[in-house]
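Trainee: Take a look at this one; I'll ask things after.
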Amino acid sequence: MAEIEQPGDYFGPVKGYTGELEACFFLKPNARDEGVPPQARSVQHVCFPPHTYRECPDGSLEIQPSISNLVRGDETGQSDDGWHGYLDEGKTWRQV
């Protein structure tokens, strides 16, 4: 995971970090923005499943469905990290 240094960097899919599931680890695009919640500055991940990924012809990764701004199971919104969106082909992050 040494490749994860700057916002938008990601590593994966890999197996072995989250049990039997494959996962992708990343820093969201807002990870170094001023005033973001502390959890936004941390390396986060999604697992496959429930997410799915596609390895694109250009070597990038596309992740579906959207990457949440909340920690799984948070119904109060207290874990909101300020960024909800997609990782698209071309290593493009798209906020919704």
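Starting from 1 in every chain, residues are counted up; chains themselves are A, B, ... following the order of the structure tokens, and ligands are numbered from 1 as listed.
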Can you pull out every residue within 6 Å of Asp88 in chain A, counting only C-alpha atoms, but drop anything in the same chain fewer than 2 positions away, and send it as a PDB file with N, CA, C and O atoms, in the first residue's frame?
Mentor:
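Final output, saved to out_32.pdb:
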ATOM      1  N   GLU A  62     -12.363   0.808 -12.148  1.00  0.00           N
ATOM      2  CA  GLU A  62     -13.685   1.423 -12.007  1.00  0.00           C
ATOM      3  C   GLU A  62     -14.407   0.670 -10.896  1.00  0.00           C
ATOM      4  O   GLU A  62     -14.410  -0.561 -10.899  1.00  0.00           O
ATOM      5  N   TYR A  86     -17.761   8.153  -7.071  1.00  0.00           N
ATOM      6  CA  TYR A  86     -17.315   6.994  -7.840  1.00  0.00           C
ATOM      7  C   TYR A  86     -15.848   7.108  -8.215  1.00  0.00           C
ATOM      8  O   TYR A  86     -15.326   8.212  -8.389  1.00  0.00           O
ATOM      9  N   THR A  92     -10.323   8.597 -12.565  1.00  0.00           N
ATOM     10  CA  THR A  92     -11.115   9.799 -12.370  1.00  0.00           C
ATOM     11  C   THR A  92     -12.082   9.593 -11.218  1.00  0.00           C
ATOM     12  O   THR A  92     -12.854   8.624 -11.211  1.00  0.00           O
TER      13      THR A  92
END
Trainee: Can you pull out every residue within 9 Å of Leu87 in chain A, counting only C-alpha atoms, but drop anything in the same chain fewer than 5 positions away, and send it as a PDB file with N, CA and C atoms, in the first residue's frame?
Mentor:
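The resulting file, selection.pdb, is shown below:
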ATOM      1  N   GLY A   8      -6.693  10.557  -3.986  1.00  0.00           N
ATOM      2  CA  GLY A   8      -7.018   9.905  -5.245  1.00  0.00           C
ATOM      3  C   GLY A   8      -6.188   8.660  -5.526  1.00  0.00           C
ATOM      4  N   LEU A  61      -8.925   1.484 -12.590  1.00  0.00           N
ATOM      5  CA  LEU A  61      -9.964   0.678 -11.978  1.00  0.00           C
ATOM      6  C   LEU A  61     -11.255   1.478 -11.920  1.00  0.00           C
ATOM      7  N   GLU A  62     -12.363   0.808 -12.148  1.00  0.00           N
ATOM      8  CA  GLU A  62     -13.685   1.423 -12.007  1.00  0.00           C
ATOM      9  C   GLU A  62     -14.407   0.670 -10.896  1.00  0.00           C
ATOM     10  N   ILE A  63     -14.983   1.401  -9.935  1.00  0.00           N
ATOM     11  CA  ILE A  63     -15.680   0.778  -8.805  1.00  0.00           C
ATOM     12  C   ILE A  63     -17.144   1.188  -8.826  1.00  0.00           C
ATOM     13  N   GLN A  64     -18.028   0.218  -8.677  1.00  0.00           N
ATOM     14  CA  GLN A  64     -19.471   0.427  -8.609  1.00  0.00           C
ATOM     15  C   GLN A  64     -20.017  -0.374  -7.431  1.00  0.00           C
ATOM     16  N   SER A  66     -21.548   3.438  -5.904  1.00  0.00           N
ATOM     17  CA  SER A  66     -20.801   4.581  -5.382  1.00  0.00           C
ATOM     18  C   SER A  66     -20.109   4.253  -4.059  1.00  0.00           C
ATOM     19  N   ILE A  67     -19.050   4.992  -3.796  1.00  0.00           N
ATOM     20  CA  ILE A  67     -18.291   4.874  -2.550  1.00  0.00           C
ATOM     21  C   ILE A  67     -18.916   5.865  -1.575  1.00  0.00           C
ATOM     22  N   THR A  92     -10.323   8.597 -12.565  1.00  0.00           N
ATOM     23  CA  THR A  92     -11.115   9.799 -12.370  1.00  0.00           C
ATOM     24  C   THR A  92     -12.082   9.593 -11.218  1.00  0.00           C
ATOM     25  N   TRP A  93     -12.032  10.494 -10.243  1.00  0.00           N
ATOM     26  CA  TRP A  93     -12.955  10.455  -9.110  1.00  0.00           C
ATOM     27  C   TRP A  93     -14.083  11.421  -9.398  1.00  0.00           C
ATOM     28  N   ARG A  94     -15.320  10.951  -9.264  1.00  0.00           N
ATOM     29  CA  ARG A  94     -16.504  11.758  -9.581  1.00  0.00           C
ATOM     30  C   ARG A  94     -17.389  11.840  -8.360  1.00  0.00           C
ATOM     31  N   GLN A  95     -17.569  13.053  -7.839  1.00  0.00           N
ATOM     32  CA  GLN A  95     -18.400  13.263  -6.655  1.00  0.00           C
ATOM     33  C   GLN A  95     -19.859  13.435  -7.046  1.00  0.00           C
TER      34      GLN A  95
END
Trainee: Within 10 Å of Pro50 in chain A, counting only C-alpha atoms, which residues qualify if same-chain residues fewer than 4 places away don't, as a PDB file with C-alpha atoms, in the first residue's frame?
Mentor:
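Output saved as selection39.pdb:
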ATOM      1  CA  LEU A  21     -12.768 -10.697   0.308  1.00  0.00           C
ATOM      2  CA  VAL A  46     -14.265  -1.013  -0.171  1.00  0.00           C
ATOM      3  CA  GLN A  64     -19.471   0.427  -8.609  1.00  0.00           C
ATOM      4  CA  PRO A  65     -21.787   1.231  -6.862  1.00  0.00           C
TER       5      PRO A  65
END
Trainee: Nearest to Trp83 in chain A: which of A:Val71, A:Pro38, A:Phe48, A:Pro29 is it, counting only C-alpha atoms?
Mentor: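 Distance minimum relative to Trp83 in chain A lands on A:Pro29.
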Trainee: List every residue of chain A that DSSP, applied to the backbone of this structure, places in helix (DSSP H, G or I), and write the result as a list in words.
Mentor: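 Taking chain A and keeping helix (DSSP H, G or I) only, one gets Pro38, Gln39, Ala40 and Arg41 of chain A.
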Trainee: Put those residues in a file: C-alpha atoms, as an mmCIF file, in the first residue's frame.
Mentor:
data_model
loop_
_atom_site.group_PDB
_atom_site.id
_atom_site.type_symbol
_atom_site.label_atom_id
_atom_site.label_comp_id
_atom_site.auth_asym_id
_atom_site.auth_seq_id
_atom_site.Cartn_x
_atom_site.Cartn_y
_atom_site.Cartn_z
ATOM 1 C CA PRO A 38 -10.380 13.411 10.665
ATOM 2 C CA GLN A 39 -11.785 10.210 9.143
ATOM 3 C CA ALA A 40 -11.486 11.776 5.669
ATOM 4 C CA ARG A 41 -7.700 11.906 6.069
#
Trainee: Please return, as a PyMOL selection string, all residues of chain A that DSSP assigns to strand (DSSP E) on the basis of the backbone.
Mentor: chain A and resi 10-18+21-26+44-48+52-55+61-67+85-88+92-95
Trainee: For the selection just defined, write its residues with N, CA, C and O atoms to a file, as a short mmCIF file (atom, residue, chain, number, x, y, z; two decimals), in the first residue's frame.
Mentor:
data_model
loop_
_atom_site.label_atom_id
_atom_site.label_comp_id
_atom_site.auth_asym_id
_atom_site.auth_seq_id
_atom_site.Cartn_x
_atom_site.Cartn_y
_atom_site.Cartn_z
N TYR A 10 -4.86 4.90 -5.11
CA TYR A 10 -5.50 3.67 -4.65
C TYR A 10 -4.59 2.47 -4.86
O TYR A 10 -3.62 2.54 -5.62
N PHE A 11 -4.92 1.38 -4.18
CA PHE A 11 -4.15 0.15 -4.24
C PHE A 11 -5.13 -1.01 -4.24
O PHE A 11 -5.95 -1.15 -3.35
N GLY A 12 -5.06 -1.84 -5.25
CA GLY A 12 -5.95 -2.99 -5.31
C GLY A 12 -6.43 -3.22 -6.72
O GLY A 12 -6.05 -2.50 -7.63
N PRO A 13 -7.24 -4.23 -6.86
CA PRO A 13 -7.80 -5.09 -5.82
C PRO A 13 -6.76 -6.06 -5.28
O PRO A 13 -5.90 -6.53 -6.01
N VAL A 14 -6.86 -6.30 -3.98
CA VAL A 14 -5.97 -7.23 -3.29
C VAL A 14 -6.78 -8.11 -2.36
O VAL A 14 -7.86 -7.74 -1.92
N LYS A 15 -6.24 -9.25 -2.05
CA LYS A 15 -6.88 -10.18 -1.13
C LYS A 15 -5.95 -10.38 0.05
O LYS A 15 -4.74 -10.30 -0.08
N GLY A 16 -6.52 -10.64 1.21
CA GLY A 16 -5.71 -10.93 2.37
C GLY A 16 -5.71 -9.86 3.45
O GLY A 16 -5.25 -10.10 4.55
N TYR A 17 -6.21 -8.67 3.14
CA TYR A 17 -6.26 -7.60 4.13
C TYR A 17 -7.59 -7.58 4.87
O TYR A 17 -7.69 -7.02 5.95
N THR A 18 -8.63 -8.12 4.26
CA THR A 18 -9.99 -8.07 4.83
C THR A 18 -10.59 -9.46 4.88
O THR A 18 -11.75 -9.66 4.51
N LEU A 21 -12.30 -11.59 1.36
CA LEU A 21 -12.77 -10.70 0.31
C LEU A 21 -11.63 -9.90 -0.32
O LEU A 21 -10.68 -9.51 0.36
N GLU A 22 -11.76 -9.64 -1.62
CA GLU A 22 -10.86 -8.70 -2.27
C GLU A 22 -11.26 -7.29 -1.83
O GLU A 22 -12.42 -7.05 -1.49
N ALA A 23 -10.30 -6.38 -1.83
CA ALA A 23 -10.59 -5.01 -1.43
C ALA A 23 -9.72 -4.05 -2.23
O ALA A 23 -8.71 -4.42 -2.82
N CYS A 24 -10.15 -2.80 -2.24
CA CYS A 24 -9.37 -1.71 -2.82
C CYS A 24 -9.24 -0.65 -1.74
O CYS A 24 -10.23 -0.24 -1.12
N PHE A 25 -8.00 -0.21 -1.50
CA PHE A 25 -7.71 0.81 -0.49
C PHE A 25 -7.39 2.12 -1.21
O PHE A 25 -6.80 2.11 -2.29
N PHE A 26 -7.75 3.25 -0.60
CA PHE A 26 -7.60 4.54 -1.28
C PHE A 26 -7.63 5.69 -0.30
O PHE A 26 -8.07 5.55 0.85
N GLN A 44 -8.99 4.53 3.33
CA GLN A 44 -10.27 3.82 3.45
C GLN A 44 -10.27 2.66 2.46
O GLN A 44 -9.36 2.53 1.65
N HIS A 45 -11.31 1.84 2.50
CA HIS A 45 -11.39 0.73 1.56
C HIS A 45 -12.84 0.35 1.27
O HIS A 45 -13.74 0.69 2.03
N VAL A 46 -13.01 -0.33 0.15
CA VAL A 46 -14.27 -1.01 -0.17
C VAL A 46 -13.93 -2.47 -0.43
O VAL A 46 -12.81 -2.79 -0.84
N CYS A 47 -14.89 -3.34 -0.17
CA CYS A 47 -14.71 -4.78 -0.40
C CYS A 47 -15.53 -5.23 -1.60
O CYS A 47 -16.56 -4.64 -1.93
N PHE A 48 -15.04 -6.29 -2.21
CA PHE A 48 -15.71 -6.91 -3.36
C PHE A 48 -16.10 -8.33 -2.99
O PHE A 48 -15.20 -9.17 -2.87
N THR A 52 -18.34 -3.88 -6.83
CA THR A 52 -17.74 -4.61 -7.95
C THR A 52 -16.71 -3.69 -8.59
O THR A 52 -16.75 -2.47 -8.42
N TYR A 53 -15.78 -4.30 -9.30
CA TYR A 53 -14.78 -3.49 -9.99
C TYR A 53 -14.59 -4.00 -11.41
O TYR A 53 -14.92 -5.13 -11.73
N ARG A 54 -14.05 -3.12 -12.23
CA ARG A 54 -13.68 -3.46 -13.61
C ARG A 54 -12.28 -2.92 -13.84
O ARG A 54 -12.00 -1.76 -13.55
N GLU A 55 -11.41 -3.79 -14.31
CA GLU A 55 -10.07 -3.35 -14.68
C GLU A 55 -10.16 -2.80 -16.10
O GLU A 55 -10.55 -3.52 -17.02
N LEU A 61 -8.92 1.48 -12.59
CA LEU A 61 -9.96 0.68 -11.98
C LEU A 61 -11.25 1.48 -11.92
O LEU A 61 -11.23 2.70 -11.69
N GLU A 62 -12.36 0.81 -12.15
CA GLU A 62 -13.69 1.42 -12.01
C GLU A 62 -14.41 0.67 -10.90
O GLU A 62 -14.41 -0.56 -10.90
N ILE A 63 -14.98 1.40 -9.93
CA ILE A 63 -15.68 0.78 -8.81
C ILE A 63 -17.14 1.19 -8.83
O ILE A 63 -17.46 2.37 -8.96
N GLN A 64 -18.03 0.22 -8.68
CA GLN A 64 -19.47 0.43 -8.61
C GLN A 64 -20.02 -0.37 -7.43
O GLN A 64 -19.44 -1.39 -7.09
N PRO A 65 -21.10 -0.06 -6.80
CA PRO A 65 -21.79 1.23 -6.86
C PRO A 65 -20.94 2.31 -6.19
O PRO A 65 -19.76 2.09 -5.90
N SER A 66 -21.55 3.44 -5.90
CA SER A 66 -20.80 4.58 -5.38
C SER A 66 -20.11 4.25 -4.06
O SER A 66 -20.54 3.37 -3.31
N ILE A 67 -19.05 4.99 -3.80
CA ILE A 67 -18.29 4.87 -2.55
C ILE A 67 -18.92 5.87 -1.58
O ILE A 67 -18.95 7.07 -1.83
N GLY A 85 -19.01 9.36 -3.89
CA GLY A 85 -18.93 9.34 -5.34
C GLY A 85 -18.38 8.05 -5.90
O GLY A 85 -18.50 6.99 -5.29
N TYR A 86 -17.76 8.15 -7.07
CA TYR A 86 -17.31 6.99 -7.84
C TYR A 86 -15.85 7.11 -8.22
O TYR A 86 -15.33 8.21 -8.39
N LEU A 87 -15.22 5.96 -8.39
CA LEU A 87 -13.93 5.89 -9.06
C LEU A 87 -14.22 5.36 -10.45
O LEU A 87 -14.74 4.26 -10.62
N ASP A 88 -13.96 6.19 -11.45
CA ASP A 88 -14.25 5.86 -12.84
C ASP A 88 -12.98 5.53 -13.61
O ASP A 88 -11.86 5.77 -13.15
N THR A 92 -10.32 8.60 -12.57
CA THR A 92 -11.12 9.80 -12.37
C THR A 92 -12.08 9.59 -11.22
O THR A 92 -12.85 8.62 -11.21
N TRP A 93 -12.03 10.49 -10.24
CA TRP A 93 -12.95 10.46 -9.11
C TRP A 93 -14.08 11.42 -9.40
O TRP A 93 -13.86 12.59 -9.73
N ARG A 94 -15.32 10.95 -9.26
CA ARG A 94 -16.50 11.76 -9.58
C ARG A 94 -17.39 11.84 -8.36
O ARG A 94 -17.90 10.84 -7.86
N GLN A 95 -17.57 13.05 -7.84
CA GLN A 95 -18.40 13.26 -6.66
C GLN A 95 -19.86 13.43 -7.05
O GLN A 95 -20.16 14.05 -8.08
#
Trainee: Show which residues sit within 8 Å of Gly82 in chain A, as a list in words. Count only C-alpha atoms, and ignore same-chain residues fewer than 4 positions away.
Mentor: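 Once the nearby chain positions are removed, what remains is Asn30, Val36, Pro37, Ala40 and Asn69 of chain A.
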Trainee: From the set A:His84, A:Lys91, A:Arg32, A:Arg72, which residue has the shortest atom-to-atom contact distance to Asp58 in chain A, counting only C-alpha atoms?
Mentor: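 Ranked by minimum distance to Asp58 in chain A, first place goes to A:Lys91.
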Trainee: Name the residues in contact with Leu70 in chain A at a cut-off of 8 Å, using only C-alpha atoms, excluding same-chain residues fewer than 4 positions from it; report them as a list in words.
Mentor: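 My reading of the contact set: Asp74, Gly77, Gln78, Ser79, Asp80 and Asp81 of chain A.
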Trainee: Please produce an output containing N, CA and C atoms for each residue in the selection, written as a compact mmCIF listing (two decimals), in the first residue's frame.
Mentor:
# COMPACT_ATOMS: atom_id res chain seq x y z
N ASP A 74 -23.73 3.35 9.72
CA ASP A 74 -24.00 4.64 10.36
C ASP A 74 -25.31 5.21 9.83
N GLY A 77 -25.24 9.76 10.49
CA GLY A 77 -24.47 10.71 9.71
C GLY A 77 -23.24 11.23 10.43
N GLN A 78 -22.96 10.72 11.63
CA GLN A 78 -21.81 11.20 12.41
C GLN A 78 -20.48 10.83 11.78
N SER A 79 -20.44 9.82 10.93
CA SER A 79 -19.18 9.40 10.33
C SER A 79 -18.95 10.04 8.95
N ASP A 80 -19.77 11.03 8.60
CA ASP A 80 -19.67 11.67 7.28
C ASP A 80 -18.28 12.25 7.05
N ASP A 81 -17.61 11.78 5.97
CA ASP A 81 -16.26 12.28 5.67
C ASP A 81 -16.27 13.35 4.58
